[in-house]
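Participant: If it helps, the file is called model-v6.cif and holds mmCIF, N, CA and C atoms:
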data_my_file
#
loop_
_atom_site.label_atom_id
_atom_site.label_comp_id
_atom_site.auth_asym_id
_atom_site.auth_seq_id
_atom_site.Cartn_x
_atom_site.Cartn_y
_atom_site.Cartn_z
N MET A 3 -38.50 7.77 65.53
CA MET A 3 -37.73 6.61 65.94
C MET A 3 -37.69 5.56 64.83
N LYS A 4 -38.85 5.36 64.16
CA LYS A 4 -38.90 4.39 63.07
C LYS A 4 -37.99 4.82 61.92
N ALA A 5 -37.92 6.09 61.66
CA ALA A 5 -37.06 6.60 60.58
C ALA A 5 -35.60 6.33 60.90
N LEU A 6 -35.23 6.47 62.17
CA LEU A 6 -33.85 6.23 62.59
C LEU A 6 -33.48 4.75 62.42
N VAL A 7 -34.38 3.85 62.77
CA VAL A 7 -34.16 2.41 62.62
C VAL A 7 -34.02 2.06 61.14
N LYS A 8 -34.88 2.63 60.31
CA LYS A 8 -34.81 2.37 58.86
C LYS A 8 -33.49 2.87 58.29
N THR A 9 -33.02 4.01 58.74
CA THR A 9 -31.76 4.58 58.26
C THR A 9 -30.59 3.67 58.62
N PHE A 10 -30.56 3.20 59.89
CA PHE A 10 -29.48 2.30 60.31
C PHE A 10 -29.54 0.96 59.57
N ALA A 11 -30.74 0.46 59.32
CA ALA A 11 -30.89 -0.80 58.60
C ALA A 11 -30.40 -0.65 57.15
N ALA A 12 -30.73 0.46 56.52
CA ALA A 12 -30.27 0.71 55.14
C ALA A 12 -28.75 0.86 55.10
N ALA A 13 -28.19 1.56 56.07
CA ALA A 13 -26.73 1.73 56.11
C ALA A 13 -26.03 0.38 56.31
N ALA A 14 -26.60 -0.45 57.19
CA ALA A 14 -26.00 -1.77 57.42
C ALA A 14 -26.08 -2.64 56.17
N LEU A 15 -27.20 -2.56 55.46
CA LEU A 15 -27.36 -3.34 54.24
C LEU A 15 -26.37 -2.89 53.17
N ILE A 16 -26.17 -1.59 53.04
CA ILE A 16 -25.20 -1.07 52.06
C ILE A 16 -23.79 -1.51 52.43
N ALA A 17 -23.46 -1.46 53.71
CA ALA A 17 -22.12 -1.86 54.14
C ALA A 17 -21.87 -3.34 53.87
N VAL A 18 -22.85 -4.18 54.16
CA VAL A 18 -22.69 -5.63 53.93
C VAL A 18 -22.52 -5.92 52.45
N SER A 19 -23.33 -5.29 51.61
CA SER A 19 -23.22 -5.55 50.16
C SER A 19 -21.89 -5.03 49.61
N THR A 20 -21.42 -3.91 50.12
CA THR A 20 -20.12 -3.38 49.67
C THR A 20 -19.00 -4.33 50.05
N PHE A 21 -19.01 -4.84 51.29
CA PHE A 21 -17.97 -5.77 51.72
C PHE A 21 -18.02 -7.07 50.92
N THR A 22 -19.22 -7.52 50.59
CA THR A 22 -19.38 -8.75 49.81
C THR A 22 -18.79 -8.58 48.42
N MET A 23 -19.08 -7.46 47.77
CA MET A 23 -18.54 -7.20 46.42
C MET A 23 -17.02 -7.07 46.47
N ALA A 24 -16.49 -6.42 47.51
CA ALA A 24 -15.04 -6.26 47.63
C ALA A 24 -14.37 -7.60 47.86
N ALA A 25 -15.00 -8.48 48.62
CA ALA A 25 -14.41 -9.80 48.88
C ALA A 25 -14.36 -10.64 47.62
N GLU A 26 -15.31 -10.46 46.70
CA GLU A 26 -15.30 -11.23 45.45
C GLU A 26 -14.13 -10.82 44.58
N GLY A 27 -13.75 -9.57 44.66
CA GLY A 27 -12.62 -9.09 43.87
C GLY A 27 -13.01 -8.78 42.44
N PRO A 28 -12.16 -8.00 41.75
CA PRO A 28 -12.47 -7.63 40.37
C PRO A 28 -12.35 -8.81 39.43
N GLY A 29 -13.29 -8.94 38.52
CA GLY A 29 -13.21 -9.98 37.50
C GLY A 29 -13.67 -11.35 37.94
N SER A 30 -13.99 -11.52 39.21
CA SER A 30 -14.36 -12.87 39.65
C SER A 30 -15.70 -13.30 39.06
N LYS A 31 -16.60 -12.36 38.81
CA LYS A 31 -17.88 -12.73 38.20
C LYS A 31 -17.70 -13.22 36.78
N ALA A 32 -16.79 -12.62 36.03
CA ALA A 32 -16.55 -13.04 34.65
C ALA A 32 -16.00 -14.46 34.61
N ALA A 33 -15.14 -14.81 35.56
CA ALA A 33 -14.54 -16.14 35.56
C ALA A 33 -15.57 -17.20 35.92
N LYS A 34 -16.60 -16.82 36.71
CA LYS A 34 -17.59 -17.78 37.15
C LYS A 34 -18.81 -17.81 36.25
N ALA A 35 -18.87 -16.93 35.29
CA ALA A 35 -20.07 -16.79 34.45
C ALA A 35 -20.34 -18.06 33.66
N ASN A 36 -21.61 -18.42 33.60
CA ASN A 36 -22.03 -19.53 32.75
C ASN A 36 -22.34 -18.98 31.37
N VAL A 37 -21.91 -19.70 30.37
CA VAL A 37 -22.11 -19.30 28.99
C VAL A 37 -23.14 -20.24 28.37
N ASN A 38 -23.98 -19.71 27.51
CA ASN A 38 -25.00 -20.51 26.84
C ASN A 38 -24.34 -21.36 25.76
N LEU A 39 -24.24 -22.65 25.99
CA LEU A 39 -23.68 -23.60 25.04
C LEU A 39 -24.73 -24.61 24.62
N SER A 40 -25.97 -24.17 24.53
CA SER A 40 -27.08 -25.07 24.25
C SER A 40 -27.16 -25.52 22.80
N THR A 41 -26.47 -24.82 21.90
CA THR A 41 -26.42 -25.24 20.50
C THR A 41 -24.98 -25.28 20.03
N ALA A 42 -24.74 -26.02 18.96
CA ALA A 42 -23.39 -26.11 18.41
C ALA A 42 -22.94 -24.74 17.91
N ASP A 43 -23.85 -23.97 17.34
CA ASP A 43 -23.50 -22.64 16.84
C ASP A 43 -23.05 -21.71 17.96
N PHE A 44 -23.77 -21.74 19.10
CA PHE A 44 -23.37 -20.93 20.24
C PHE A 44 -21.99 -21.34 20.73
N ALA A 45 -21.75 -22.65 20.83
CA ALA A 45 -20.46 -23.14 21.31
C ALA A 45 -19.33 -22.75 20.35
N LEU A 46 -19.59 -22.86 19.04
CA LEU A 46 -18.57 -22.48 18.06
C LEU A 46 -18.30 -20.98 18.12
N ASP A 47 -19.34 -20.18 18.22
CA ASP A 47 -19.16 -18.72 18.33
C ASP A 47 -18.36 -18.37 19.58
N HIS A 48 -18.65 -19.05 20.69
CA HIS A 48 -17.90 -18.77 21.92
C HIS A 48 -16.45 -19.22 21.79
N TYR A 49 -16.22 -20.34 21.14
CA TYR A 49 -14.84 -20.81 20.91
C TYR A 49 -14.06 -19.76 20.12
N VAL A 50 -14.65 -19.23 19.07
CA VAL A 50 -13.98 -18.21 18.26
C VAL A 50 -13.71 -16.96 19.10
N ALA A 51 -14.67 -16.55 19.92
CA ALA A 51 -14.49 -15.38 20.77
C ALA A 51 -13.38 -15.60 21.80
N VAL A 52 -13.33 -16.80 22.36
CA VAL A 52 -12.30 -17.11 23.36
C VAL A 52 -10.91 -17.12 22.72
N THR A 53 -10.80 -17.73 21.54
CA THR A 53 -9.48 -17.89 20.92
C THR A 53 -9.00 -16.65 20.16
N THR A 54 -9.91 -15.78 19.72
CA THR A 54 -9.47 -14.63 18.91
C THR A 54 -9.71 -13.28 19.56
N GLU A 55 -10.63 -13.20 20.54
CA GLU A 55 -10.97 -11.91 21.14
C GLU A 55 -10.60 -11.81 22.61
N GLY A 56 -9.97 -12.85 23.15
CA GLY A 56 -9.52 -12.81 24.53
C GLY A 56 -10.61 -12.90 25.57
N GLN A 57 -11.78 -13.41 25.20
CA GLN A 57 -12.83 -13.59 26.21
C GLN A 57 -12.46 -14.75 27.12
N SER A 58 -12.70 -14.57 28.41
CA SER A 58 -12.33 -15.65 29.33
C SER A 58 -13.52 -16.21 30.09
N ALA A 59 -14.67 -15.59 29.98
CA ALA A 59 -15.85 -16.10 30.68
C ALA A 59 -16.24 -17.46 30.14
N GLY A 60 -16.43 -18.41 31.03
CA GLY A 60 -16.88 -19.73 30.64
C GLY A 60 -15.87 -20.57 29.88
N VAL A 61 -14.60 -20.23 29.96
CA VAL A 61 -13.59 -20.97 29.18
C VAL A 61 -13.50 -22.43 29.65
N GLU A 62 -13.61 -22.67 30.95
CA GLU A 62 -13.56 -24.06 31.44
C GLU A 62 -14.79 -24.84 30.99
N GLN A 63 -15.92 -24.16 30.94
CA GLN A 63 -17.18 -24.77 30.55
C GLN A 63 -17.17 -25.19 29.08
N LEU A 64 -16.40 -24.50 28.26
CA LEU A 64 -16.40 -24.70 26.81
C LEU A 64 -15.74 -26.01 26.38
N PHE A 65 -14.71 -26.44 27.09
CA PHE A 65 -13.90 -27.58 26.66
C PHE A 65 -14.31 -28.86 27.38
N ALA A 66 -14.41 -29.95 26.61
CA ALA A 66 -14.72 -31.27 27.16
C ALA A 66 -13.57 -31.72 28.06
N GLU A 67 -13.88 -32.60 28.99
CA GLU A 67 -12.85 -33.10 29.92
C GLU A 67 -11.71 -33.80 29.18
N ASP A 68 -12.00 -34.46 28.06
CA ASP A 68 -10.96 -35.17 27.31
C ASP A 68 -10.45 -34.36 26.11
N PHE A 69 -10.63 -33.05 26.14
CA PHE A 69 -10.20 -32.18 25.05
C PHE A 69 -8.70 -32.33 24.79
N SER A 70 -8.35 -32.29 23.51
CA SER A 70 -6.93 -32.28 23.13
C SER A 70 -6.75 -31.34 21.95
N GLN A 71 -5.57 -30.75 21.89
CA GLN A 71 -5.24 -29.86 20.78
C GLN A 71 -3.95 -30.37 20.15
N LYS A 72 -3.95 -30.44 18.82
CA LYS A 72 -2.75 -30.83 18.08
C LYS A 72 -2.39 -29.71 17.13
N ILE A 73 -1.10 -29.44 17.04
CA ILE A 73 -0.60 -28.41 16.14
C ILE A 73 0.29 -29.10 15.13
N GLN A 74 -0.15 -29.06 13.86
CA GLN A 74 0.60 -29.67 12.76
C GLN A 74 1.57 -28.64 12.21
N ALA A 75 2.84 -28.84 12.48
CA ALA A 75 3.89 -27.95 11.99
C ALA A 75 5.15 -28.79 11.84
N SER A 76 6.26 -28.14 11.55
CA SER A 76 7.51 -28.89 11.40
C SER A 76 7.85 -29.65 12.68
N ASN A 77 7.47 -29.11 13.83
CA ASN A 77 7.62 -29.84 15.09
C ASN A 77 6.23 -29.98 15.71
N ALA A 78 5.55 -31.07 15.36
CA ALA A 78 4.17 -31.30 15.81
C ALA A 78 4.09 -31.26 17.34
N GLN A 79 3.02 -30.65 17.83
CA GLN A 79 2.83 -30.51 19.27
C GLN A 79 1.43 -30.94 19.66
N SER A 80 1.30 -31.38 20.91
CA SER A 80 -0.01 -31.70 21.48
C SER A 80 -0.14 -30.97 22.80
N HIS A 81 -1.37 -30.52 23.09
CA HIS A 81 -1.61 -29.80 24.34
C HIS A 81 -2.86 -30.37 25.00
N SER A 82 -2.81 -30.43 26.31
CA SER A 82 -3.93 -30.93 27.10
C SER A 82 -4.96 -29.82 27.32
N ARG A 83 -6.10 -30.21 27.84
CA ARG A 83 -7.16 -29.26 28.17
C ARG A 83 -6.65 -28.19 29.13
N GLU A 84 -5.97 -28.62 30.18
CA GLU A 84 -5.48 -27.69 31.20
C GLU A 84 -4.50 -26.69 30.61
N ALA A 85 -3.59 -27.14 29.74
CA ALA A 85 -2.60 -26.25 29.15
C ALA A 85 -3.27 -25.21 28.24
N VAL A 86 -4.26 -25.63 27.47
CA VAL A 86 -4.96 -24.71 26.57
C VAL A 86 -5.74 -23.68 27.38
N ILE A 87 -6.45 -24.11 28.41
CA ILE A 87 -7.23 -23.19 29.24
C ILE A 87 -6.30 -22.18 29.91
N LYS A 88 -5.19 -22.64 30.43
CA LYS A 88 -4.23 -21.75 31.08
C LYS A 88 -3.70 -20.71 30.09
N SER A 89 -3.39 -21.15 28.89
CA SER A 89 -2.90 -20.24 27.86
C SER A 89 -3.96 -19.21 27.47
N LEU A 90 -5.20 -19.66 27.30
CA LEU A 90 -6.28 -18.75 26.91
C LEU A 90 -6.58 -17.73 28.02
N LYS A 91 -6.47 -18.14 29.27
CA LYS A 91 -6.69 -17.20 30.37
C LYS A 91 -5.61 -16.12 30.40
N LYS A 92 -4.39 -16.47 30.03
CA LYS A 92 -3.32 -15.48 29.97
C LYS A 92 -3.58 -14.45 28.88
N GLN A 93 -4.32 -14.84 27.84
CA GLN A 93 -4.60 -13.94 26.72
C GLN A 93 -5.86 -13.11 26.95
N LYS A 94 -6.39 -13.12 28.16
CA LYS A 94 -7.64 -12.41 28.48
C LYS A 94 -7.55 -10.96 28.00
N GLY A 95 -8.54 -10.57 27.21
CA GLY A 95 -8.62 -9.19 26.73
C GLY A 95 -7.80 -8.88 25.49
N GLU A 96 -6.97 -9.81 25.04
CA GLU A 96 -6.14 -9.57 23.86
C GLU A 96 -6.88 -10.03 22.60
N LYS A 97 -7.10 -9.08 21.71
CA LYS A 97 -7.79 -9.39 20.46
C LYS A 97 -6.75 -9.57 19.36
N LEU A 98 -6.86 -10.70 18.63
CA LEU A 98 -5.91 -10.98 17.55
C LEU A 98 -6.23 -10.10 16.34
N ASN A 99 -5.19 -9.64 15.67
CA ASN A 99 -5.34 -8.81 14.48
C ASN A 99 -5.41 -9.72 13.26
N CYS A 100 -6.60 -10.26 13.02
CA CYS A 100 -6.79 -11.19 11.92
C CYS A 100 -8.24 -11.17 11.45
N THR A 101 -8.46 -11.74 10.28
CA THR A 101 -9.80 -11.93 9.75
C THR A 101 -10.20 -13.37 10.01
N VAL A 102 -11.40 -13.57 10.57
CA VAL A 102 -11.84 -14.91 10.94
C VAL A 102 -13.01 -15.33 10.06
N THR A 103 -12.92 -16.56 9.53
CA THR A 103 -14.05 -17.15 8.81
C THR A 103 -14.30 -18.54 9.39
N THR A 104 -15.56 -18.92 9.44
CA THR A 104 -15.90 -20.26 9.92
C THR A 104 -16.75 -20.95 8.87
N ASP A 105 -16.47 -22.22 8.66
CA ASP A 105 -17.23 -23.06 7.74
C ASP A 105 -17.58 -24.35 8.46
N ILE A 106 -18.85 -24.75 8.38
CA ILE A 106 -19.29 -26.01 8.95
C ILE A 106 -18.99 -27.10 7.92
N ILE A 107 -18.17 -28.07 8.31
CA ILE A 107 -17.80 -29.16 7.40
C ILE A 107 -18.80 -30.31 7.50
N GLU A 108 -19.16 -30.65 8.72
CA GLU A 108 -20.08 -31.77 8.97
C GLU A 108 -20.89 -31.44 10.21
N GLU A 109 -22.19 -31.77 10.17
CA GLU A 109 -23.04 -31.49 11.32
C GLU A 109 -24.12 -32.55 11.44
N SER A 110 -24.33 -33.00 12.66
CA SER A 110 -25.44 -33.92 12.95
C SER A 110 -26.09 -33.45 14.25
N ALA A 111 -26.99 -34.23 14.78
CA ALA A 111 -27.71 -33.84 16.00
C ALA A 111 -26.78 -33.75 17.22
N ASP A 112 -25.70 -34.53 17.23
CA ASP A 112 -24.82 -34.59 18.40
C ASP A 112 -23.36 -34.30 18.10
N TYR A 113 -23.04 -33.82 16.91
CA TYR A 113 -21.65 -33.74 16.48
C TYR A 113 -21.50 -32.65 15.44
N MET A 114 -20.42 -31.89 15.51
CA MET A 114 -20.13 -30.89 14.48
C MET A 114 -18.63 -30.79 14.27
N VAL A 115 -18.23 -30.67 13.02
CA VAL A 115 -16.84 -30.37 12.68
C VAL A 115 -16.86 -29.06 11.91
N ALA A 116 -16.06 -28.11 12.39
CA ALA A 116 -16.01 -26.80 11.75
C ALA A 116 -14.57 -26.44 11.42
N LYS A 117 -14.42 -25.63 10.39
CA LYS A 117 -13.11 -25.13 9.99
C LYS A 117 -13.09 -23.63 10.31
N VAL A 118 -12.18 -23.24 11.20
CA VAL A 118 -12.03 -21.84 11.58
C VAL A 118 -10.71 -21.37 10.97
N THR A 119 -10.79 -20.37 10.10
CA THR A 119 -9.60 -19.85 9.43
C THR A 119 -9.29 -18.46 9.95
N LEU A 120 -8.05 -18.29 10.42
CA LEU A 120 -7.59 -17.00 10.91
C LEU A 120 -6.54 -16.48 9.93
N LYS A 121 -6.87 -15.43 9.22
CA LYS A 121 -5.98 -14.87 8.20
C LYS A 121 -5.26 -13.67 8.80
N PHE A 122 -3.96 -13.85 9.04
CA PHE A 122 -3.12 -12.78 9.54
C PHE A 122 -2.41 -12.12 8.35
N GLU A 123 -1.66 -11.09 8.61
CA GLU A 123 -0.98 -10.37 7.53
C GLU A 123 0.01 -11.25 6.77
N SER A 124 0.77 -12.08 7.50
CA SER A 124 1.83 -12.85 6.84
C SER A 124 1.63 -14.36 6.86
N PHE A 125 0.56 -14.84 7.47
CA PHE A 125 0.31 -16.28 7.49
C PHE A 125 -1.17 -16.54 7.76
N THR A 126 -1.57 -17.81 7.59
CA THR A 126 -2.95 -18.24 7.85
C THR A 126 -2.92 -19.44 8.79
N LYS A 127 -3.79 -19.38 9.79
CA LYS A 127 -3.94 -20.50 10.72
C LYS A 127 -5.29 -21.14 10.44
N THR A 128 -5.30 -22.46 10.24
CA THR A 128 -6.53 -23.21 10.05
C THR A 128 -6.73 -24.10 11.26
N ASP A 129 -7.92 -24.03 11.83
CA ASP A 129 -8.25 -24.78 13.04
C ASP A 129 -9.47 -25.65 12.74
N LEU A 130 -9.27 -26.96 12.72
CA LEU A 130 -10.40 -27.89 12.57
C LEU A 130 -10.89 -28.21 13.98
N VAL A 131 -12.13 -27.84 14.26
CA VAL A 131 -12.69 -27.94 15.60
C VAL A 131 -13.80 -28.98 15.61
N THR A 132 -13.73 -29.90 16.56
CA THR A 132 -14.78 -30.90 16.74
C THR A 132 -15.57 -30.54 17.98
N LEU A 133 -16.88 -30.45 17.82
CA LEU A 133 -17.78 -30.17 18.93
C LEU A 133 -18.72 -31.34 19.11
N GLU A 134 -19.04 -31.65 20.37
CA GLU A 134 -19.94 -32.76 20.66
C GLU A 134 -20.99 -32.32 21.67
N ARG A 135 -22.20 -32.86 21.50
CA ARG A 135 -23.25 -32.61 22.50
C ARG A 135 -22.97 -33.52 23.68
N MET A 136 -22.90 -32.92 24.86
CA MET A 136 -22.68 -33.65 26.10
C MET A 136 -23.77 -33.24 27.06
N GLY A 137 -24.80 -34.06 27.14
CA GLY A 137 -25.96 -33.70 27.95
C GLY A 137 -26.73 -32.59 27.25
N ASN A 138 -26.91 -31.47 27.94
CA ASN A 138 -27.64 -30.34 27.38
C ASN A 138 -26.72 -29.27 26.80
N GLU A 139 -25.43 -29.51 26.81
CA GLU A 139 -24.47 -28.52 26.33
C GLU A 139 -23.59 -29.09 25.22
N TRP A 140 -23.06 -28.18 24.43
CA TRP A 140 -22.09 -28.54 23.41
C TRP A 140 -20.71 -28.17 23.94
N LYS A 141 -19.74 -29.04 23.70
CA LYS A 141 -18.37 -28.83 24.17
C LYS A 141 -17.40 -29.03 23.01
N VAL A 142 -16.28 -28.34 23.06
CA VAL A 142 -15.22 -28.54 22.09
C VAL A 142 -14.40 -29.72 22.59
N SER A 143 -14.30 -30.77 21.76
CA SER A 143 -13.59 -31.98 22.19
C SER A 143 -12.22 -32.13 21.53
N LYS A 144 -12.00 -31.46 20.40
CA LYS A 144 -10.73 -31.60 19.71
C LYS A 144 -10.47 -30.38 18.84
N SER A 145 -9.20 -30.04 18.71
CA SER A 145 -8.78 -28.95 17.85
C SER A 145 -7.47 -29.35 17.18
N ILE A 146 -7.45 -29.22 15.85
CA ILE A 146 -6.22 -29.52 15.10
C ILE A 146 -5.86 -28.27 14.31
N ASN A 147 -4.68 -27.73 14.57
CA ASN A 147 -4.23 -26.49 13.95
C ASN A 147 -3.15 -26.74 12.91
N SER A 148 -3.21 -25.99 11.83
CA SER A 148 -2.13 -26.01 10.85
C SER A 148 -1.87 -24.58 10.40
N TYR A 149 -0.68 -24.34 9.91
CA TYR A 149 -0.26 -22.99 9.51
C TYR A 149 0.26 -23.00 8.08
N LYS A 150 -0.03 -21.91 7.35
CA LYS A 150 0.50 -21.72 6.00
C LYS A 150 1.14 -20.35 5.91
#
Before we go any further, please render this structure as structure tokens.
Facilitator:
Amino acid sequence: MKALVKTFAAAALIAVSTFTMAAEGPGSKAAKANVNLSTADFALDHYVAVTTEGQSAGVEQLFAEDFSQKIQASNAQSHSREAVIKSLKKQKGEKLNCTVTTDIIEESADYMVAKVTLKFESFTKTDLVTLERMGNEWKVSKSINSYK
């Protein structure tokens, strides 16, 4: 009798966990994942992964609330935090065909400016990224892009 009760309890537990996972849906864990942004280097590495490798985990966590992006070109453009996040989520899983280099221009205990260069076959994109310590995490607060 005890074996029968244990069998039914195990079956019920499996059924509940299966229904819970199905209700979450595919990919929902990746969207909710917390990313380690405890150092400027971690935040910069994650920014590069999000913008060049199509990673979407923690994308909202990465950008400061007042984040802005400017694109210096013949028709200069500005984008809000929400627009950039929406665009990056659409690129989920898409890896850019380019060579990436990063150089730290300025760094202090609470502030970092980095130059991220993306070398494509026919052009180069330069991204000046400003990161700031906000509490215990580092966030990207500004991005200025130019093309050659």
Participant: Applying the PyMOL selection byres ((chain A and resi 113) around 7) to the file I just gave you, which residues come out? Please list them as a list of chain:residue names.
Facilitator: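 Taken over the shown coordinates, the PyMOL selection byres ((chain A and resi 113) around 7) returns A:Glu108, A:Glu109, A:Ser110, A:Ala111, A:Asp112, A:Met114, A:Val115, A:Thr132, A:Leu133, A:Glu134, A:Arg135.
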Participant: Once the PyMOL selection byres ((chain A and resi 82) around 8) is applied to the coordinates I shared, what remains selected? I want it as a list in words.
Facilitator: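 Applied to this file, the PyMOL selection byres ((chain A and resi 82) around 8) selects Asp68, Phe69, Ser70, Gln71, Lys72, Gln79, Ser80, His81, Arg83, Glu84, Ala85, Val86, Ile87 and Lys88 of chain A.
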Participant: Could you tell me how far atom CA of Ser143 of chain A lies from atom CA of Glu67 of chain A, in Å and to one decimal?
Facilitator: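 Answer for the atom CA of Ser143 of chain A to atom CA of Glu67 of chain A separation: 7.8 Å.
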Participant: For the interface of segment 46-79 of chain A with segment 37-41 of chain A (cut-off 10 Å, counting only C-alpha atoms), please tabulate each contacting residue of segment 46-79 of chain A alongside its nearest pair of atoms and their separation in Å to one decimal, rows sorted by chain and increasing number, as a tab-separated table.
Facilitator:
residue	atom	partner	partner_atom	distance
A:Leu46	CA	A:Thr41	CA	8.7
A:Asp47	CA	A:Leu39	CA	9.4
A:His48	CA	A:Leu39	CA	8.2
A:Ala59	CA	A:Val37	CA	7.2
A:Gly60	CA	A:Val37	CA	5.5
A:Val61	CA	A:Val37	CA	8.7
A:Gln63	CA	A:Val37	CA	7.5
A:Leu64	CA	A:Leu39	CA	7.6
Participant: For the atom pair atom CA of Lys97 of chain A and atom CA of Asn36 of chain A, what is the interatomic distance in Å to one decimal place?
Facilitator: 21.4 Å
Participant: Could you write out, as a PDB file with N, CA and C atoms, in the frame of the given file, all the residues of segment 47-111 of chain A that DSSP marks as strand (DSSP E)?
Facilitator:
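Output below, filename states_33.pdb:
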ATOM      1  N   PHE A  65     -14.710 -26.440  27.090  1.00  0.00           N
ATOM      2  CA  PHE A  65     -13.900 -27.580  26.660  1.00  0.00           C
ATOM      3  C   PHE A  65     -14.310 -28.860  27.380  1.00  0.00           C
ATOM      4  N   ALA A  66     -14.410 -29.950  26.610  1.00  0.00           N
ATOM      5  CA  ALA A  66     -14.720 -31.270  27.160  1.00  0.00           C
ATOM      6  C   ALA A  66     -13.570 -31.720  28.060  1.00  0.00           C
ATOM      7  N   GLU A  67     -13.880 -32.600  28.990  1.00  0.00           N
ATOM      8  CA  GLU A  67     -12.850 -33.100  29.920  1.00  0.00           C
ATOM      9  C   GLU A  67     -11.710 -33.800  29.180  1.00  0.00           C
ATOM     10  N   ASP A  68     -12.000 -34.460  28.060  1.00  0.00           N
ATOM     11  CA  ASP A  68     -10.960 -35.170  27.310  1.00  0.00           C
ATOM     12  C   ASP A  68     -10.450 -34.360  26.110  1.00  0.00           C
ATOM     13  N   PHE A  69     -10.630 -33.050  26.140  1.00  0.00           N
ATOM     14  CA  PHE A  69     -10.200 -32.180  25.050  1.00  0.00           C
ATOM     15  C   PHE A  69      -8.700 -32.330  24.790  1.00  0.00           C
ATOM     16  N   SER A  70      -8.350 -32.290  23.510  1.00  0.00           N
ATOM     17  CA  SER A  70      -6.930 -32.280  23.130  1.00  0.00           C
ATOM     18  C   SER A  70      -6.750 -31.340  21.950  1.00  0.00           C
ATOM     19  N   GLN A  71      -5.570 -30.750  21.890  1.00  0.00           N
ATOM     20  CA  GLN A  71      -5.240 -29.860  20.780  1.00  0.00           C
ATOM     21  C   GLN A  71      -3.950 -30.370  20.150  1.00  0.00           C
ATOM     22  N   LYS A  72      -3.950 -30.440  18.820  1.00  0.00           N
ATOM     23  CA  LYS A  72      -2.750 -30.830  18.080  1.00  0.00           C
ATOM     24  C   LYS A  72      -2.390 -29.710  17.130  1.00  0.00           C
ATOM     25  N   ILE A  73      -1.100 -29.440  17.040  1.00  0.00           N
ATOM     26  CA  ILE A  73      -0.600 -28.410  16.140  1.00  0.00           C
ATOM     27  C   ILE A  73       0.290 -29.100  15.130  1.00  0.00           C
ATOM     28  N   GLN A  74      -0.150 -29.060  13.860  1.00  0.00           N
ATOM     29  CA  GLN A  74       0.600 -29.670  12.760  1.00  0.00           C
ATOM     30  C   GLN A  74       1.570 -28.640  12.210  1.00  0.00           C
ATOM     31  N   GLN A  79       3.020 -30.650  17.830  1.00  0.00           N
ATOM     32  CA  GLN A  79       2.830 -30.510  19.270  1.00  0.00           C
ATOM     33  C   GLN A  79       1.430 -30.940  19.660  1.00  0.00           C
ATOM     34  N   SER A  80       1.300 -31.380  20.910  1.00  0.00           N
ATOM     35  CA  SER A  80      -0.010 -31.700  21.480  1.00  0.00           C
ATOM     36  C   SER A  80      -0.140 -30.970  22.800  1.00  0.00           C
ATOM     37  N   HIS A  81      -1.370 -30.520  23.090  1.00  0.00           N
ATOM     38  CA  HIS A  81      -1.610 -29.800  24.340  1.00  0.00           C
ATOM     39  C   HIS A  81      -2.860 -30.370  25.000  1.00  0.00           C
ATOM     40  N   SER A  82      -2.810 -30.430  26.310  1.00  0.00           N
ATOM     41  CA  SER A  82      -3.930 -30.930  27.100  1.00  0.00           C
ATOM     42  C   SER A  82      -4.960 -29.820  27.320  1.00  0.00           C
ATOM     43  N   THR A 101      -8.460 -11.740  10.280  1.00  0.00           N
ATOM     44  CA  THR A 101      -9.800 -11.930   9.750  1.00  0.00           C
ATOM     45  C   THR A 101     -10.200 -13.370  10.010  1.00  0.00           C
ATOM     46  N   VAL A 102     -11.400 -13.570  10.570  1.00  0.00           N
ATOM     47  CA  VAL A 102     -11.840 -14.910  10.940  1.00  0.00           C
ATOM     48  C   VAL A 102     -13.010 -15.330  10.060  1.00  0.00           C
ATOM     49  N   THR A 103     -12.920 -16.560   9.530  1.00  0.00           N
ATOM     50  CA  THR A 103     -14.050 -17.150   8.810  1.00  0.00           C
ATOM     51  C   THR A 103     -14.300 -18.540   9.390  1.00  0.00           C
ATOM     52  N   THR A 104     -15.560 -18.920   9.440  1.00  0.00           N
ATOM     53  CA  THR A 104     -15.900 -20.260   9.920  1.00  0.00           C
ATOM     54  C   THR A 104     -16.750 -20.950   8.870  1.00  0.00           C
ATOM     55  N   ASP A 105     -16.470 -22.220   8.660  1.00  0.00           N
ATOM     56  CA  ASP A 105     -17.230 -23.060   7.740  1.00  0.00           C
ATOM     57  C   ASP A 105     -17.580 -24.350   8.460  1.00  0.00           C
ATOM     58  N   ILE A 106     -18.850 -24.750   8.380  1.00  0.00           N
ATOM     59  CA  ILE A 106     -19.290 -26.010   8.950  1.00  0.00           C
ATOM     60  C   ILE A 106     -18.990 -27.100   7.920  1.00  0.00           C
ATOM     61  N   ILE A 107     -18.170 -28.070   8.310  1.00  0.00           N
ATOM     62  CA  ILE A 107     -17.800 -29.160   7.400  1.00  0.00           C
ATOM     63  C   ILE A 107     -18.800 -30.310   7.500  1.00  0.00           C
ATOM     64  N   GLU A 108     -19.160 -30.650   8.720  1.00  0.00           N
ATOM     65  CA  GLU A 108     -20.080 -31.770   8.970  1.00  0.00           C
ATOM     66  C   GLU A 108     -20.890 -31.440  10.210  1.00  0.00           C
ATOM     67  N   GLU A 109     -22.190 -31.770  10.170  1.00  0.00           N
ATOM     68  CA  GLU A 109     -23.040 -31.490  11.320  1.00  0.00           C
ATOM     69  C   GLU A 109     -24.120 -32.550  11.440  1.00  0.00           C
TER      70      GLU A 109
END
Participant: The PyMOL selection byres ((chain A and resi 121) around 8) - which residues does that actually catch in the file I just gave you? List them as a list in words.
Facilitator: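 When the PyMOL selection byres ((chain A and resi 121) around 8) is applied, the selected residues are Asn99, Cys100, Thr101, Val102, Thr103, Val118, Thr119, Leu120, Phe122, Glu123, Ser124, Phe125, Thr126, Lys127 and Thr128 of chain A.
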Participant: Would you please work out which residue, of A:Phe65, A:Ser89, A:Ser58, A:Thr104, is nearest to Trp140 of chain A when using all atoms listed in the file?
Facilitator: A:Phe65
Participant: What is the atom N of Gly95 of chain A to atom CA of Gly137 of chain A distance in Å?
Facilitator: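 Distance between the two atoms: 29.0 Å.
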